[in-house]
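Notes follow the structure.
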4 protein chains.
Amino acid sequence: MKIPVAILGATGSVGQRFVELLHNHPWFDVVAVAASKQSAGKTYRNAVNWLMHTPLPENIASMVVQECQPNIPVKIVFSALDTEVAGEIEKRFAEAGYLVISNASSHRMHSDVPLLIPEVNRSHLELLDQQKFATGKIVTNPNCSAIGLALALKPLHDRFGIEAVHIVTMQAVSGAGYPGVASMDIMDNVIPYIKSEEEKLETEPLKILGTYSNGHIIPASMKISAQCNRVAVSDGHTGCVSIKLKQKVSPEMMIEAWRSCSSDIHHLNLPLAPKKATHYFDEPNFPQPKLHRHLDKGMGVAIGRLRKCSLFDYKFTILSHNTIRGAAGGAILCAELIHALEIR
Amino acid sequence: MKIPVAILGATGSVGQRFVELLHNHPWFDVVAVAASKQSAGKTYRNAVNWLMHTPLPENIASMVVQECQPNIPVKIVFSALDTEVAGEIEKRFAEAGYLVISNASSHRMHSDVPLLIPEVNRSHLELLDQQKFATGKIVTNPNCSAIGLALALKPLHDRFGIEAVHIVTMQAVSGAGYPGVASMDIMDNVIPYIKSEEEKLETEPLKILGTYSNGHIIPASMKISAQCNRVAVSDGHTGCVSIKLKQKVSPEMMIEAWRSCSSDIHHLNLPLAPKKATHYFDEPNFPQPKLHRHLDKGMGVAIGRLRKCSLFDYKFTILSHNTIRGAAGGAILCAELIHALEIR
Amino acid sequence: MKIPVAILGATGSVGQRFVELLHNHPWFDVVAVAASKQSAGKTYRNAVNWLMHTPLPENIASMVVQECQPNIPVKIVFSALDTEVAGEIEKRFAEAGYLVISNASSHRMHSDVPLLIPEVNRSHLELLDQQKFATGKIVTNPNCSAIGLALALKPLHDRFGIEAVHIVTMQAVSGAGYPGVASMDIMDNVIPYIKSEEEKLETEPLKILGTYSNGHIIPASMKISAQCNRVAVSDGHTGCVSIKLKQKVSPEMMIEAWRSCSSDIHHLNLPLAPKKATHYFDEPNFPQPKLHRHLDKGMGVAIGRLRKCSLFDYKFTILSHNTIRGAAGGAILCAELIHALEIR
Amino acid sequence: MKIPVAILGATGSVGQRFVELLHNHPWFDVVAVAASKQSAGKTYRNAVNWLMHTPLPENIASMVVQECQPNIPVKIVFSALDTEVAGEIEKRFAEAGYLVISNASSHRMHSDVPLLIPEVNRSHLELLDQQKFATGKIVTNPNCSAIGLALALKPLHDRFGIEAVHIVTMQAVSGAGYPGVASMDIMDNVIPYIKSEEEKLETEPLKILGTYSNGHIIPASMKISAQCNRVAVSDGHTGCVSIKLKQKVSPEMMIEAWRSCSSDIHHLNLPLAPKKATHYFDEPNFPQPKLHRHLDKGMGVAIGRLRKCSLFDYKFTILSHNTIRGAAGGAILCAELIHALEIR
């Protein structure tokens, strides 16, 4: 008996990724898809411009798209809604008793909302007790770039302490949704600006890597400075990171931290959990989006090029899949964790 | 009466850019093209795989390519030779009395060789007196990324002093020569590594921005840390820069420094000199390679996105054309300066 | 004293190309820009997302965008309006006495409207006498792919007669306007469909190559079959053509027809007219969009790869710039012709 | 007990695809990899520039690359050798008693060599009796574009008869091997020429669709005319086909022919065989390389856009994966067929 779930915002690019990743999921079964008024009433097949490379699952294709009203007979909804509408709709679902797993930014920084990466901060689920809904809950998945960064920082933060992080990203077009970035804007080009992205990347990891204590999160104390660029890549966000640690450590210790990283969710055998959250590559020109975005089902973070920095301590490059690890996959992993912990 | 010049390594991608930019040059006249043994003896038309978007000039097309031997009846040679062979060949030309304007890296960091950007360090030409050749001379053009960075730093260095510079580049494929980067490697991808590039970008600007004194250059004292990436862009290197200055300055003072930047070569009216070396754009998503690489004949540096940095003082983005400003155009400007100053 | 003109639909991608090409035009002076209601009232600078690689002309940038109402104090308007609205608006301008040079498809196939390519069918301007407007007139510029094809066919049609033409196009994304084709749709992809394009390409050349007689056009009698694809190219439509002629001719005669093609407008020295409408290249891998779209100011058609066909007589490849020759440039050339002929 | 096999030319792009597709193959086990002298002696890991998106299998990575000498202890070798050397080396292996399954073009058109597509012409294996080797045999896999075309034509040829085929291809860069097409040549471009490709596409399908009779193949009698282009696509060759049939048929009959296509190898359950060789899509803008190249494990041919043609009978678009169906995958399927038929 699988658990029935619904997807809000199911026709967008992240919504489609939810459909793809939940197809044949061992625990969850998509029984409803919801979207904006202009899609509601159509079959999903007709409402969607299917962009995934795997075929549109037949059972979903024939579903009639619903409006995003809290009258769907499931207990868990995944939200891939646009930020403009997500805040209000998700709140209504939580008030109606749903567990909302959201990929939108609206509630991420609220003091009683977990900004959850299962391998990093499962203890933040304690925050759910602070939420004021009768029975519903809201759990959020971080920004697509913040997830990859936080996963790469986690073992360093735990072992060595982090003082400062400087990151320059080169982000895929799929991060902008669909139709998103116009081809005339990005072909043969770099766009050195993504609205609100640097702000998210400078603040979300502080909450993610923060400590739960007495009903709230004490943010991590490091400073982060971010510069975000859009490049002509379909999927996979690359980040050039410079880092200053609290301790002096050798390169070998850094690499060992990533290679031996484990997590307190490992024993739960969550279906979408990567074997290892971070993979360090020795090749001098790795990681690359084309080669590593599908690492560990698209849920792993590829790291490489560790070398000394004359201004910070170290420099390295990170790469993660922005719509799998950084969006739908990450959110599903959150739901898997909550289910495994029997929080509900 | 124009000055006859020759191009060494004329069939490569930078060599072709020399041919294009010297076509109809008001002062110089290409009378010979030289390349490797396998091209020598063919007409230039047959030896070259012409990649420029302007037509191959007819007079050059019909020239027979020569070997790179110092028996060409000109006094000035432009070198677009590969680094592997440039060092030795350029030395032989200098020993034979030629003025060699080189785009190769072989001699750049030699203590008696000017690493010249005319708008930045014309005083470094004094170094030529230190060279031991009978009458020949070697002048070098910096690395393609270093030129854009040095031009952007120059007015800040002069007015405010610079302590530290952190740069992450997104570089065009034309920087790797031809055939250079394989399409299978770069389409839908980012390659976070360019051989020897970070080393050049961390050291060359120190010499470029250094001070001539008593026969040698005292390097600038700032620290630079660089991370270099290859992206799917045809021409134009983008850089995300973070900077720490010696003085506290306002954003307006930074922008004013770039907008009012002038140079001690301005009055010379050199044909390829840009009207202004640096252009600051107010648009939040500028500069972009596709839109700004041809700025001021491809010789200007586009700058934008100035904002405060929580780790350094400021962050901003720079963009310059790597085979015009950063290679052939920059080298021709060096020759124009030397000619205008009647150094020879 | 230049002739004042206005641009309707001035903010779109073809509208911008009009602004660029009319900047410093020797005969015409843009004194007004008009667009949709949502742009009207803003300065052009604020209303437009400028995509051209040359800077936005300052005098245009500061103009206030007007609504498309026939109260603009000029006699000639260039229309880059969307097809959905072009038909009605253009008619109103013509009724109000304007000469409308339109790039939209709405009126192209009307029996009293010239579908004009100045080098091909200037005699079709006779149709203007059939138009029922008091003093206004409508002249249309053909579809972007049809222009390149008709120019390549013209000398063959005149000399040898054409029975059948089979064309498969690979069209640039700029042909779809802005934002147009989503980057997620076209990167690493081919889209084998462009709405209504094949129909235009199969019918417009018949009218273009037709004969004016007694107040109407007798279409050319050839048959055309077209297949249209969108590819990841910024500008420049490529076409693979197979052709059956009415006479048996040698390859040399074909090439000679293109190389010696002349036109009855040559002596008029129209500012945007290419030196030659068709250029045949001998290189086995030419023409290519990246190398030849800017041929002759973007107004020439590049042709290459002529070889025998086992099903038709010959196969060859054509290439022309879709927003210069195929849109704004072509329309301006129409206006130049009308002005030179003093039709008004 | 799996059958041990070896790969010749294992380090190139098709060689790598063999390694990927044979990893965990249920019948075959790669026990040796061979390549040119410059790779021989290195581990495969060090000799190869691994381009596949799945990880390099560990057991192959640690193998020492051998020279292509017929002393490898297997009975079946897959050849991904370059055409320049394939002819001679493959002959030596056949003379030494090996079954050579070749992806190279050298032996394809020899009268006693099957040009095999298992679903299309398994009867051509009878040709093996004509080969003069003592015990060895050579079987060839057709050109990457010819395979997709022949599979799409097969059901039409069988049911309706084909008179003429006109095809224009838009081919992926992976078809040119590695490093193959330079990024500077193909980014933002189309190259309307691929050496020798049109000749192969015009002749190979005639042999493939021919009839075995008395020790030789009687070629199919249709005429084919081809135009081949390289486009900026990583994998997947698209073809625009026009066809004249011997019978008059309705569009429904065409589509039915593709949808109900079956094959006399279906019952053999070959591991790499697609469920159906041809898939017809109703969507007006399908097939597309990005969406359909992985259809049926990359072994299916996607077809769409069937419509009437004014010059032929019908037009349609085909798409197949050039290095899976069109190279390594197709060759492995040949070996699977031979093994299943117990020909050896």
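Naming works like this for the structure tokens: A, B, ... for the chains as they're shown, residue 1 at the start of each chain, ligands 1 onward in shown order.
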Can you list, as a PyMOL selection string, every protein, DNA or RNA residue that comes within 12 Å of Gly12 in chain B when you count only C-alpha atoms, leaving out same-chain residues fewer than 3 positions away?
chain B and resi 7-9+15-19+33-36+39+44+47-52+79-82+174-180+323+328
Include C-alpha atoms and write out the residues we just selected as a tab-separated table (two decimals), in the first residue's frame.
```tsv
chain	number	residue	atom	x	y	z
B	7	ILE	CA	53.05	37.78	-38.75
B	8	LEU	CA	54.60	34.66	-37.22
B	9	GLY	CA	52.12	31.86	-36.55
B	15	GLY	CA	47.27	34.77	-36.25
B	16	GLN	CA	44.07	35.14	-38.22
B	17	ARG	CA	42.91	37.89	-35.93
B	18	PHE	CA	46.20	39.71	-36.65
B	19	VAL	CA	45.52	39.37	-40.38
B	33	VAL	CA	53.04	35.60	-43.23
B	34	ALA	CA	55.01	32.80	-41.60
B	35	ALA	CA	53.98	29.57	-39.91
B	36	SER	CA	55.10	26.02	-39.20
B	39	SER	CA	52.12	25.28	-43.82
B	44	TYR	CA	47.90	31.44	-47.09
B	47	ALA	CA	47.22	26.83	-45.41
B	48	VAL	CA	44.57	28.47	-43.27
B	49	ASN	CA	41.16	27.35	-42.05
B	50	TRP	CA	39.79	30.91	-42.03
B	51	LEU	CA	37.52	31.45	-39.02
B	52	MET	CA	37.04	35.21	-38.99
B	79	SER	CA	54.16	36.68	-33.01
B	80	ALA	CA	51.10	34.50	-32.56
B	81	LEU	CA	53.25	31.40	-32.15
B	82	ASP	CA	52.39	28.53	-29.85
B	174	SER	CA	38.59	30.92	-28.88
B	175	GLY	CA	41.13	31.38	-26.10
B	176	ALA	CA	42.23	27.79	-26.62
B	177	GLY	CA	43.21	28.32	-30.25
B	178	TYR	CA	42.04	26.17	-33.14
B	179	PRO	CA	40.87	23.41	-33.19
B	180	GLY	CA	41.21	23.88	-29.43
B	323	THR	CA	41.30	37.63	-29.18
B	328	ALA	CA	46.01	40.47	-31.53
```
Show me, as a count of residues only, the residues that have an atom within 7 Å of Ala232 in chain D when counting only C-alpha atoms, minus same-chain residues fewer than 5 positions from it.
6
As a ChimeraX atom specification, could you give me every residue of chain C near chain A (at most 6 Å apart, counting only C-alpha atoms)?
/C:179,181-183
Would you output that residue set with C-alpha atoms, as a compact mmCIF listing (two decimals), in the first residue's frame?
```txt
# COMPACT_ATOMS: atom_id res chain seq x y z
CA PRO C 179 11.68 35.93 -26.12
CA VAL C 181 12.37 30.01 -28.52
CA ALA C 182 13.06 28.87 -24.94
CA SER C 183 16.65 27.86 -24.28
```
Identify all residues of range 74-261 of chain A in helix (DSSP H, G or I) (DSSP on the backbone) and supply them as a PyMOL selection string.
chain A and resi 83-95+118-130+144-159+173-176+183-186+197-208+251-259
DSSP on the backbone: which residues in range 156-266 of chain A end up as strand (DSSP E or B)? Give the answer as a compact mmCIF listing (two decimals) with N, CA and C atoms, in the first residue's frame.
```txt
# COMPACT_ATOMS: atom_id res chain seq x y z
N ILE A 162 34.01 26.64 9.86
CA ILE A 162 34.16 27.49 8.67
C ILE A 162 34.02 28.94 9.08
N GLU A 163 34.96 29.76 8.63
CA GLU A 163 34.86 31.20 8.90
C GLU A 163 34.21 31.95 7.76
N ALA A 164 34.62 31.64 6.54
CA ALA A 164 34.14 32.43 5.41
C ALA A 164 34.09 31.59 4.15
N VAL A 165 33.09 31.88 3.33
CA VAL A 165 32.89 31.16 2.07
C VAL A 165 32.61 32.17 0.96
N HIS A 166 33.36 32.04 -0.11
CA HIS A 166 33.15 32.88 -1.29
C HIS A 166 32.76 31.94 -2.41
N ILE A 167 31.64 32.21 -3.06
CA ILE A 167 31.21 31.31 -4.13
C ILE A 167 30.78 32.10 -5.37
N VAL A 168 31.23 31.62 -6.51
CA VAL A 168 30.77 32.14 -7.80
C VAL A 168 30.12 30.97 -8.52
N THR A 169 28.85 31.14 -8.89
CA THR A 169 28.15 30.03 -9.53
C THR A 169 28.01 30.22 -11.03
N MET A 170 27.90 29.09 -11.73
CA MET A 170 27.57 29.06 -13.16
C MET A 170 26.39 28.13 -13.25
N GLN A 171 25.18 28.70 -13.39
CA GLN A 171 23.95 27.95 -13.20
C GLN A 171 23.24 27.62 -14.50
N ALA A 182 15.36 32.90 -22.41
CA ALA A 182 15.21 32.91 -23.87
C ALA A 182 16.51 32.46 -24.52
N VAL A 190 27.00 34.57 -21.44
CA VAL A 190 26.92 34.40 -19.99
C VAL A 190 26.08 35.57 -19.48
N ILE A 191 25.14 35.30 -18.59
CA ILE A 191 24.38 36.40 -17.97
C ILE A 191 24.79 36.47 -16.51
N THR A 211 22.11 25.37 14.24
CA THR A 211 21.88 24.37 15.28
C THR A 211 20.48 24.55 15.88
N TYR A 212 19.78 23.45 16.01
CA TYR A 212 18.47 23.53 16.66
C TYR A 212 18.67 23.62 18.17
N SER A 213 17.97 24.54 18.79
CA SER A 213 18.09 24.67 20.24
C SER A 213 16.82 25.31 20.79
N HIS A 216 14.23 26.88 18.34
CA HIS A 216 14.61 27.68 17.18
C HIS A 216 16.01 27.31 16.68
N ILE A 217 16.34 27.88 15.51
CA ILE A 217 17.63 27.56 14.88
C ILE A 217 18.62 28.70 15.14
N ILE A 218 19.76 28.35 15.66
CA ILE A 218 20.84 29.34 15.79
C ILE A 218 21.68 29.23 14.53
N LYS A 223 30.52 33.67 7.32
CA LYS A 223 30.07 34.68 6.34
C LYS A 223 30.13 34.08 4.95
N ILE A 224 29.15 34.38 4.13
CA ILE A 224 29.14 33.89 2.74
C ILE A 224 28.95 35.06 1.79
N SER A 225 29.77 35.09 0.74
CA SER A 225 29.59 36.08 -0.33
C SER A 225 29.42 35.34 -1.65
N ALA A 226 28.38 35.70 -2.40
CA ALA A 226 28.04 34.93 -3.60
C ALA A 226 27.92 35.80 -4.84
N GLN A 227 28.33 35.26 -5.97
CA GLN A 227 28.10 35.88 -7.27
C GLN A 227 27.51 34.81 -8.17
N CYS A 228 26.37 35.10 -8.77
CA CYS A 228 25.63 34.08 -9.51
C CYS A 228 25.50 34.42 -10.99
N ASN A 229 25.84 33.46 -11.83
CA ASN A 229 25.79 33.64 -13.27
C ASN A 229 24.96 32.55 -13.93
N ARG A 230 24.33 32.90 -15.03
CA ARG A 230 23.61 31.92 -15.84
C ARG A 230 24.50 31.57 -17.03
N VAL A 231 24.65 30.29 -17.31
CA VAL A 231 25.44 29.85 -18.46
C VAL A 231 24.63 28.90 -19.33
N HIS A 237 24.31 22.88 -11.67
CA HIS A 237 24.90 24.14 -11.24
C HIS A 237 26.34 23.89 -10.78
N THR A 238 27.27 24.66 -11.33
CA THR A 238 28.67 24.57 -10.95
C THR A 238 29.00 25.75 -10.04
N GLY A 239 29.81 25.52 -9.02
CA GLY A 239 30.21 26.61 -8.13
C GLY A 239 31.71 26.59 -7.88
N CYS A 240 32.34 27.76 -7.98
CA CYS A 240 33.76 27.90 -7.64
C CYS A 240 33.81 28.47 -6.23
N VAL A 241 34.30 27.67 -5.29
CA VAL A 241 34.24 28.02 -3.88
C VAL A 241 35.63 28.34 -3.35
N SER A 242 35.73 29.38 -2.54
CA SER A 242 36.94 29.64 -1.75
C SER A 242 36.51 29.63 -0.30
N ILE A 243 37.34 29.06 0.56
CA ILE A 243 36.90 28.85 1.93
C ILE A 243 38.00 29.14 2.94
N LYS A 244 37.60 29.75 4.05
CA LYS A 244 38.52 29.97 5.17
C LYS A 244 37.98 29.17 6.34
N LEU A 245 38.82 28.30 6.89
CA LEU A 245 38.39 27.41 7.96
C LEU A 245 38.85 27.94 9.32
```
For Ala6 in chain B, list every protein, DNA or RNA residue within 9 Å, evaluated using only C-alpha atoms, and leave out those in the same chain fewer than 6 positions away; present the list as a PyMOL selection string.
chain B and resi 29-34+72-79
As an mmCIF file with N, CA and C atoms, in the first residue's frame, please: the residues near His266 in chain A (cut-off 9 Å, only C-alpha atoms, same-chain neighbours under 3 positions excluded).
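Output (part_2.cif):
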```cif
data_model
loop_
_atom_site.group_PDB
_atom_site.id
_atom_site.type_symbol
_atom_site.label_atom_id
_atom_site.label_comp_id
_atom_site.auth_asym_id
_atom_site.auth_seq_id
_atom_site.Cartn_x
_atom_site.Cartn_y
_atom_site.Cartn_z
ATOM 1 N N GLU A 119 20.438 14.811 4.864
ATOM 2 C CA GLU A 119 21.763 14.389 5.307
ATOM 3 C C GLU A 119 22.436 15.424 6.207
ATOM 4 N N SER A 262 29.521 10.812 6.205
ATOM 5 C CA SER A 262 28.390 9.921 6.378
ATOM 6 C C SER A 262 27.262 10.773 6.932
ATOM 7 N N SER A 263 26.189 10.184 7.234
ATOM 8 C CA SER A 263 25.061 10.994 7.674
ATOM 9 C C SER A 263 24.211 10.166 8.604
ATOM 10 N N ASN A 269 17.982 3.974 4.812
ATOM 11 C CA ASN A 269 17.818 3.464 3.440
ATOM 12 C C ASN A 269 16.695 4.159 2.681
ATOM 13 N N LEU A 270 16.722 5.461 2.705
ATOM 14 C CA LEU A 270 15.706 6.215 1.971
ATOM 15 C C LEU A 270 15.897 5.973 0.479
ATOM 16 N N ALA A 273 18.002 8.585 -1.408
ATOM 17 C CA ALA A 273 19.264 9.023 -0.805
ATOM 18 C C ALA A 273 20.448 8.539 -1.634
ATOM 19 N N LYS A 275 24.242 7.218 -2.299
ATOM 20 C CA LYS A 275 25.116 6.365 -1.474
ATOM 21 C C LYS A 275 26.012 7.235 -0.600
ATOM 22 N N LYS A 276 26.522 8.266 -1.211
ATOM 23 C CA LYS A 276 27.321 9.243 -0.465
ATOM 24 C C LYS A 276 26.908 10.622 -0.940
#
```
Can you pull out every residue within 12 Å of Lys37 in chain A, counting only C-alpha atoms, but drop anything in the same chain fewer than 5 positions away, and send it as a PyMOL selection string?
chain A and resi 8-9+11+42+47+65-69
Dump N, CA and C atoms for the selected residues as a PDB file, in the first residue's frame?
```pdb
ATOM      1  N   LEU A   8       1.553  20.035  -6.438  1.00  0.00           N
ATOM      2  CA  LEU A   8       1.033  21.375  -6.757  1.00  0.00           C
ATOM      3  C   LEU A   8       2.018  22.051  -7.709  1.00  0.00           C
ATOM      4  N   GLY A   9       1.514  22.679  -8.746  1.00  0.00           N
ATOM      5  CA  GLY A   9       2.424  23.284  -9.730  1.00  0.00           C
ATOM      6  C   GLY A   9       3.051  22.202 -10.596  1.00  0.00           C
ATOM      7  N   THR A  11       2.806  21.280 -13.658  1.00  0.00           N
ATOM      8  CA  THR A  11       3.096  21.404 -15.090  1.00  0.00           C
ATOM      9  C   THR A  11       4.407  22.130 -15.387  1.00  0.00           C
ATOM     10  N   LYS A  42      -7.933  20.438 -17.826  1.00  0.00           N
ATOM     11  CA  LYS A  42      -7.334  19.693 -18.936  1.00  0.00           C
ATOM     12  C   LYS A  42      -6.708  18.392 -18.398  1.00  0.00           C
ATOM     13  N   ALA A  47      -2.084  19.681 -20.710  1.00  0.00           N
ATOM     14  CA  ALA A  47      -1.723  20.897 -19.990  1.00  0.00           C
ATOM     15  C   ALA A  47      -0.218  21.122 -19.964  1.00  0.00           C
ATOM     16  N   VAL A  65      -6.030  17.749 -14.518  1.00  0.00           N
ATOM     17  CA  VAL A  65      -5.343  18.688 -13.634  1.00  0.00           C
ATOM     18  C   VAL A  65      -6.373  19.421 -12.774  1.00  0.00           C
ATOM     19  N   GLN A  66      -6.103  19.491 -11.471  1.00  0.00           N
ATOM     20  CA  GLN A  66      -7.006  20.168 -10.551  1.00  0.00           C
ATOM     21  C   GLN A  66      -6.495  21.574 -10.248  1.00  0.00           C
ATOM     22  N   GLU A  67      -7.378  22.388  -9.677  1.00  0.00           N
ATOM     23  CA  GLU A  67      -6.919  23.671  -9.129  1.00  0.00           C
ATOM     24  C   GLU A  67      -6.226  23.404  -7.800  1.00  0.00           C
ATOM     25  N   CYS A  68      -5.416  24.350  -7.365  1.00  0.00           N
ATOM     26  CA  CYS A  68      -4.664  24.154  -6.125  1.00  0.00           C
ATOM     27  C   CYS A  68      -5.528  24.472  -4.908  1.00  0.00           C
ATOM     28  N   GLN A  69      -6.533  23.695  -4.704  1.00  0.00           N
ATOM     29  CA  GLN A  69      -7.426  23.869  -3.553  1.00  0.00           C
ATOM     30  C   GLN A  69      -7.220  22.717  -2.581  1.00  0.00           C
TER      31      GLN A  69
END
```
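Close contacts of Thr54 in chain A, defined as residues with an atom at most 10 Å away when counting only C-alpha atoms, with chain neighbours fewer than 5 positions off set aside, comprise Glu20 of chain A; Leu291, His292, His294 and Leu295 of chain D.
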Applying 10 Å and only C-alpha atoms, which residues near Leu268 in chain A remain after dropping the ones on its own chain fewer than 2 positions away? List them as a ChimeraX atom specification.
/A:264-266,270-271,273,336-337,340-341
